[in-house]
Structure formats: C-alpha cells, structure tokens
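Undergrad: Here you go, this is model_26.csv (CSV, C-alpha atoms).
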chain,number,residue,atom,x,y,z
A,1,MET,CA,68.0,0.0,-27.1
A,2,ARG,CA,64.6,1.2,-28.2
A,3,HIS,CA,63.4,-2.4,-28.6
A,4,SER,CA,64.4,-3.2,-25.0
A,5,ASN,CA,62.4,-0.2,-23.7
A,6,LEU,CA,59.3,-1.5,-25.5
A,7,THR,CA,59.9,-5.0,-24.1
A,8,ALA,CA,60.4,-3.7,-20.6
A,9,MET,CA,57.2,-1.5,-20.8
A,10,ALA,CA,55.2,-4.5,-22.2
A,11,ALA,CA,56.5,-6.7,-19.3
A,12,MET,CA,55.6,-4.1,-16.8
A,13,ALA,CA,52.1,-3.7,-18.3
A,14,ALA,CA,51.6,-7.5,-18.1
A,15,VAL,CA,52.6,-7.5,-14.4
A,16,LEU,CA,50.2,-4.7,-13.7
A,17,MET,CA,47.4,-6.4,-15.5
A,18,MET,CA,48.1,-9.7,-13.6
A,19,SER,CA,48.2,-8.0,-10.2
A,20,GLY,CA,44.7,-6.5,-10.9
A,21,CYS,CA,43.3,-10.0,-11.3
A,22,MET,CA,44.5,-11.3,-8.0
A,23,THR,CA,41.8,-11.9,-5.4
A,24,SER,CA,43.9,-11.5,-2.3
A,25,GLY,CA,43.3,-7.8,-2.2
A,26,ILE,CA,39.5,-7.9,-2.3
A,27,ASP,CA,37.8,-6.2,0.6
A,28,THR,CA,35.2,-8.6,1.9
A,29,THR,CA,33.6,-6.1,4.3
A,30,LYS,CA,29.9,-6.2,4.2
A,31,THR,CA,28.8,-2.8,2.9
A,32,THR,CA,25.2,-3.2,2.1
A,33,ALA,CA,22.4,-2.1,4.3
A,34,ILE,CA,19.6,-3.7,2.3
A,35,GLN,CA,17.5,-5.9,4.6
A,36,PRO,CA,16.4,-9.3,3.4
A,37,ALA,CA,12.9,-9.4,1.9
A,38,ALA,CA,10.0,-10.1,4.2
A,39,LYS,CA,8.6,-13.5,4.0
A,40,ASN,CA,5.1,-12.2,3.1
A,41,VAL,CA,5.4,-9.0,1.1
A,42,SER,CA,1.7,-8.5,1.0
A,43,THR,CA,1.6,-8.5,4.9
A,44,SER,CA,4.4,-5.9,5.0
A,45,ASP,CA,2.6,-3.7,2.5
A,46,LEU,CA,-0.6,-4.1,4.5
A,47,ALA,CA,1.1,-2.9,7.7
A,48,GLU,CA,2.8,0.0,5.8
A,49,GLY,CA,-0.5,1.0,4.2
A,50,LYS,CA,-2.2,1.1,7.6
A,51,ALA,CA,0.7,3.2,9.1
A,52,GLN,CA,0.5,5.7,6.2
A,53,PHE,CA,-3.3,5.9,6.5
A,54,ARG,CA,-3.1,6.6,10.2
A,55,ASP,CA,-0.6,9.4,9.4
A,56,ALA,CA,-3.1,10.8,6.8
A,57,ASN,CA,-0.6,10.0,3.9
A,58,TYR,CA,-3.5,8.6,1.8
A,59,GLY,CA,-1.5,8.6,-1.5
A,60,LEU,CA,1.2,6.4,0.1
A,61,ALA,CA,-1.4,4.3,1.8
A,62,GLU,CA,-3.1,3.7,-1.5
A,63,GLN,CA,0.2,2.5,-3.1
A,64,HIS,CA,0.8,0.0,-0.3
A,65,PHE,CA,-2.7,-1.3,-0.1
A,66,ARG,CA,-2.8,-1.6,-3.9
A,67,LYS,CA,0.4,-3.6,-3.9
A,68,ALA,CA,-0.9,-5.8,-1.1
A,69,VAL,CA,-4.1,-6.7,-3.1
A,70,GLU,CA,-2.0,-7.2,-6.3
A,71,LEU,CA,0.1,-9.8,-4.3
A,72,LYS,CA,-2.8,-11.4,-2.5
A,73,ALA,CA,-6.2,-10.7,-4.2
A,74,ASP,CA,-8.2,-12.3,-1.4
A,75,ASN,CA,-6.9,-9.9,1.3
A,76,ALA,CA,-10.1,-8.3,2.6
A,77,GLU,CA,-8.2,-6.0,5.0
A,78,ALA,CA,-6.1,-4.6,2.1
A,79,TRP,CA,-9.2,-4.1,-0.1
A,80,MET,CA,-10.8,-2.2,2.8
A,81,GLY,CA,-7.7,0.0,3.2
A,82,LEU,CA,-7.5,0.6,-0.5
A,83,ALA,CA,-11.2,1.6,-0.7
A,84,ALA,CA,-10.8,3.9,2.3
A,85,SER,CA,-7.7,5.5,0.8
A,86,TYR,CA,-9.5,6.2,-2.5
A,87,ASP,CA,-12.3,7.7,-0.5
A,88,GLU,CA,-9.9,10.1,1.3
A,89,LEU,CA,-8.3,11.0,-2.0
A,90,GLY,CA,-11.7,11.7,-3.5
A,91,ARG,CA,-11.3,9.0,-6.1
A,92,PHE,CA,-14.8,7.6,-5.6
A,93,ASP,CA,-14.8,5.7,-8.9
A,94,PHE,CA,-11.8,3.6,-7.7
A,95,ALA,CA,-13.3,3.4,-4.2
A,96,ASP,CA,-16.5,1.8,-5.7
A,97,ARG,CA,-14.4,-0.8,-7.6
A,98,ALA,CA,-12.5,-1.6,-4.4
A,99,TYR,CA,-15.7,-1.9,-2.4
A,100,ASP,CA,-17.1,-4.3,-5.1
A,101,GLN,CA,-14.0,-6.5,-4.8
A,102,LEU,CA,-14.2,-6.3,-1.0
A,103,LEU,CA,-17.8,-7.5,-1.0
A,104,LYS,CA,-16.8,-10.4,-3.3
A,105,VAL,CA,-13.9,-11.4,-1.0
A,106,ALA,CA,-15.5,-10.8,2.4
A,107,GLY,CA,-19.2,-10.6,2.0
A,108,ARG,CA,-21.6,-7.9,3.2
A,109,LYS,CA,-20.3,-7.3,6.7
A,110,PRO,CA,-21.4,-4.4,8.9
A,111,GLN,CA,-17.9,-2.9,9.0
A,112,ILE,CA,-17.7,-2.8,5.3
A,113,VAL,CA,-21.2,-1.4,5.0
A,114,ASN,CA,-20.2,1.3,7.5
A,115,ASN,CA,-17.3,2.3,5.3
A,116,MET,CA,-19.5,2.3,2.2
A,117,GLY,CA,-21.9,4.6,4.1
A,118,TYR,CA,-19.0,6.9,5.1
A,119,SER,CA,-17.9,7.0,1.4
A,120,GLN,CA,-21.4,8.1,0.4
A,121,LEU,CA,-21.3,10.8,3.2
A,122,LEU,CA,-18.0,12.1,1.7
A,123,ARG,CA,-19.7,12.4,-1.7
A,124,GLY,CA,-22.6,14.3,-0.3
A,125,ASN,CA,-25.1,11.4,-1.0
A,126,ARG,CA,-26.9,11.8,2.3
A,127,LYS,CA,-29.9,9.6,1.7
A,128,LYS,CA,-27.7,6.7,0.5
A,129,ALA,CA,-25.2,7.3,3.3
A,130,ARG,CA,-28.0,7.1,5.9
A,131,ALA,CA,-29.4,3.9,4.6
A,132,LEU,CA,-26.0,2.2,4.6
A,133,LEU,CA,-25.1,3.5,8.0
A,134,LEU,CA,-28.3,2.3,9.5
A,135,GLU,CA,-27.8,-1.1,7.9
A,136,ALA,CA,-24.3,-1.3,9.4
A,137,LYS,CA,-25.6,-0.2,12.8
A,138,ALA,CA,-28.2,-2.9,12.9
A,139,GLY,CA,-25.5,-5.6,12.4
A,140,MET,CA,-22.9,-4.3,14.9
A,141,ALA,CA,-22.5,-5.4,18.5
A,142,ASP,CA,-20.8,-2.1,19.2
A,143,PRO,CA,-22.1,0.7,16.9
A,144,THR,CA,-19.8,3.5,18.3
A,145,VAL,CA,-18.1,4.1,15.0
A,146,VAL,CA,-21.4,4.0,13.0
A,147,ASP,CA,-23.0,6.4,15.6
A,148,ALA,CA,-20.1,8.8,15.0
A,149,ASN,CA,-20.7,8.6,11.3
A,150,LEU,CA,-24.4,9.2,11.7
A,151,ALA,CA,-23.6,12.2,13.9
A,152,LEU,CA,-21.5,13.6,11.1
A,153,LEU,CA,-24.3,13.0,8.7
A,154,ASN,CA,-26.8,14.8,11.0
A,155,LYS,CA,-24.4,17.6,11.6
A,156,GLY,CA,-24.0,18.5,7.9
So that I can check it, write out the structure of this file as structure tokens.
TA:
Amino acid sequence: MRHSNLTAMAAMAAVLMMSGCMTSGIDTTKTTAIQPAAKNVSTSDLAEGKAQFRDANYGLAEQHFRKAVELKADNAEAWMGLAASYDELGRFDFADRAYDQLLKVAGRKPQIVNNMGYSQLLRGNRKKARALLLEAKAGMADPTVVDANLALLNKG
C-alpha cells in the first residue's frame, strides 16, 4: 500500500512538471514600454543636451553632450554644448579642453570665439574676455549676442 502511494505521488509530480513545460498557457501580451533605440544616438543625446541646457540643468546637459561627442567625435555642436556646460558648472579646465577640440573640429568661427570670450568673462579674465569678444564681433553679421556679452563685461 505504501509503495502505491509513492508511485501515485511520483506520477502526479511528473504530470505537474510536464504541464509546466507546455507553451499553450504563455501570455503573449506585450508588456514592455521600452522604445526602440533611435537611429542616431548621438543626435538624440545632442537634442537632450540642448533641452537640459535650456532648462539650466547643466550637469545633465554635460552628460548628454559628452555622450554625443563620445559617439561622434566630429560633432561640433556637441563640443560647443559640452564646453558651455562645463563653463556653467565652473569646470573651466574641462571647458578649455572642449574648446580645443571644438577648434580642431570646426575651426575658429565667430560663434565659438564668442563662447570662449564668455568663458573668460565667467572666470573673471576681463582683458582676455574683451579681446575674444571683440574678435567675435568683427566676424559676425549680427553681433547681438556678442554685444550682450560685452555689456555684461562693461557692467562688471
């Protein structure tokens, strides 16, 4: 009698194990909300970096701009955003490195020189800031932004 109970329990366990392996009871409802990866990740990081910068979230902006330049090292816009983010964070050592890379990628353009002048203004290097801002102003068709930076320089 005892042997038949063991046999019955073993048979029942085998049936339970087999029913667990059947696929007919699998729920195929899509439960994930993860979006497919963007085609160009550096572009999405660039856009997110700009959005975070506009919202004055400079640390988050720096992370996105850094990721964008890591993915696409010749992305001048990302280097500009990275340098500006470092400026706002007071990390001028890193800002200088980013500006150096930016100059290699894009050349010495007035918009870049303007940002470099603003960086010097933030550091309190008034003489260097003025020289860079005047250089930028000479090369710009519309010097409105540079004029605003020069006004800040003259105010302080």
Undergrad: Show me as a compact mmCIF listing (two decimals) with C-alpha atoms, in the coordinates of the input the residues that reach within 10 Å of (-19.8, 0.7, 2.1), counting only C-alpha atoms and using the file's own coordinates.
TA:
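Dumped everything to point.txt:
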# COMPACT_ATOMS: atom_id res chain seq x y z
CA MET A 80 -10.80 -2.20 2.80
CA ALA A 83 -11.20 1.60 -0.70
CA ALA A 84 -10.80 3.90 2.30
CA ALA A 95 -13.30 3.40 -4.20
CA ASP A 96 -16.50 1.80 -5.70
CA TYR A 99 -15.70 -1.90 -2.40
CA ASP A 100 -17.10 -4.30 -5.10
CA LEU A 102 -14.20 -6.30 -1.00
CA LEU A 103 -17.80 -7.50 -1.00
CA ARG A 108 -21.60 -7.90 3.20
CA LYS A 109 -20.30 -7.30 6.70
CA PRO A 110 -21.40 -4.40 8.90
CA GLN A 111 -17.90 -2.90 9.00
CA ILE A 112 -17.70 -2.80 5.30
CA VAL A 113 -21.20 -1.40 5.00
CA ASN A 114 -20.20 1.30 7.50
CA ASN A 115 -17.30 2.30 5.30
CA MET A 116 -19.50 2.30 2.20
CA GLY A 117 -21.90 4.60 4.10
CA TYR A 118 -19.00 6.90 5.10
CA SER A 119 -17.90 7.00 1.40
CA GLN A 120 -21.40 8.10 0.40
CA ALA A 129 -25.20 7.30 3.30
CA LEU A 132 -26.00 2.20 4.60
CA LEU A 133 -25.10 3.50 8.00
CA ALA A 136 -24.30 -1.30 9.40
Undergrad: Can you work out the spacing between atom CA of Tyr58 of chain A and atom CA of Leu82 of chain A in Å, to one decimal?
TA: 9.2 Å
Undergrad: At what distance in Å, to one decimal, does atom CA of Phe92 of chain A lie from atom CA of Val69 of chain A?
TA: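 It comes out at 18.0 Å.
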Undergrad: Please compute the atom CA of Gly90 of chain A-atom CA of Ser44 of chain A distance, one decimal, in Å.
TA: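 Atom-to-atom, atom CA of Gly90 of chain A and atom CA of Ser44 of chain A are spaced 25.3 Å apart.
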Undergrad: Could you pull the residues within 12 Å of Asn75 of chain A, counting only C-alpha atoms, minus those fewer than 2 positions along the same chain, as a count of residues only?
TA: 26
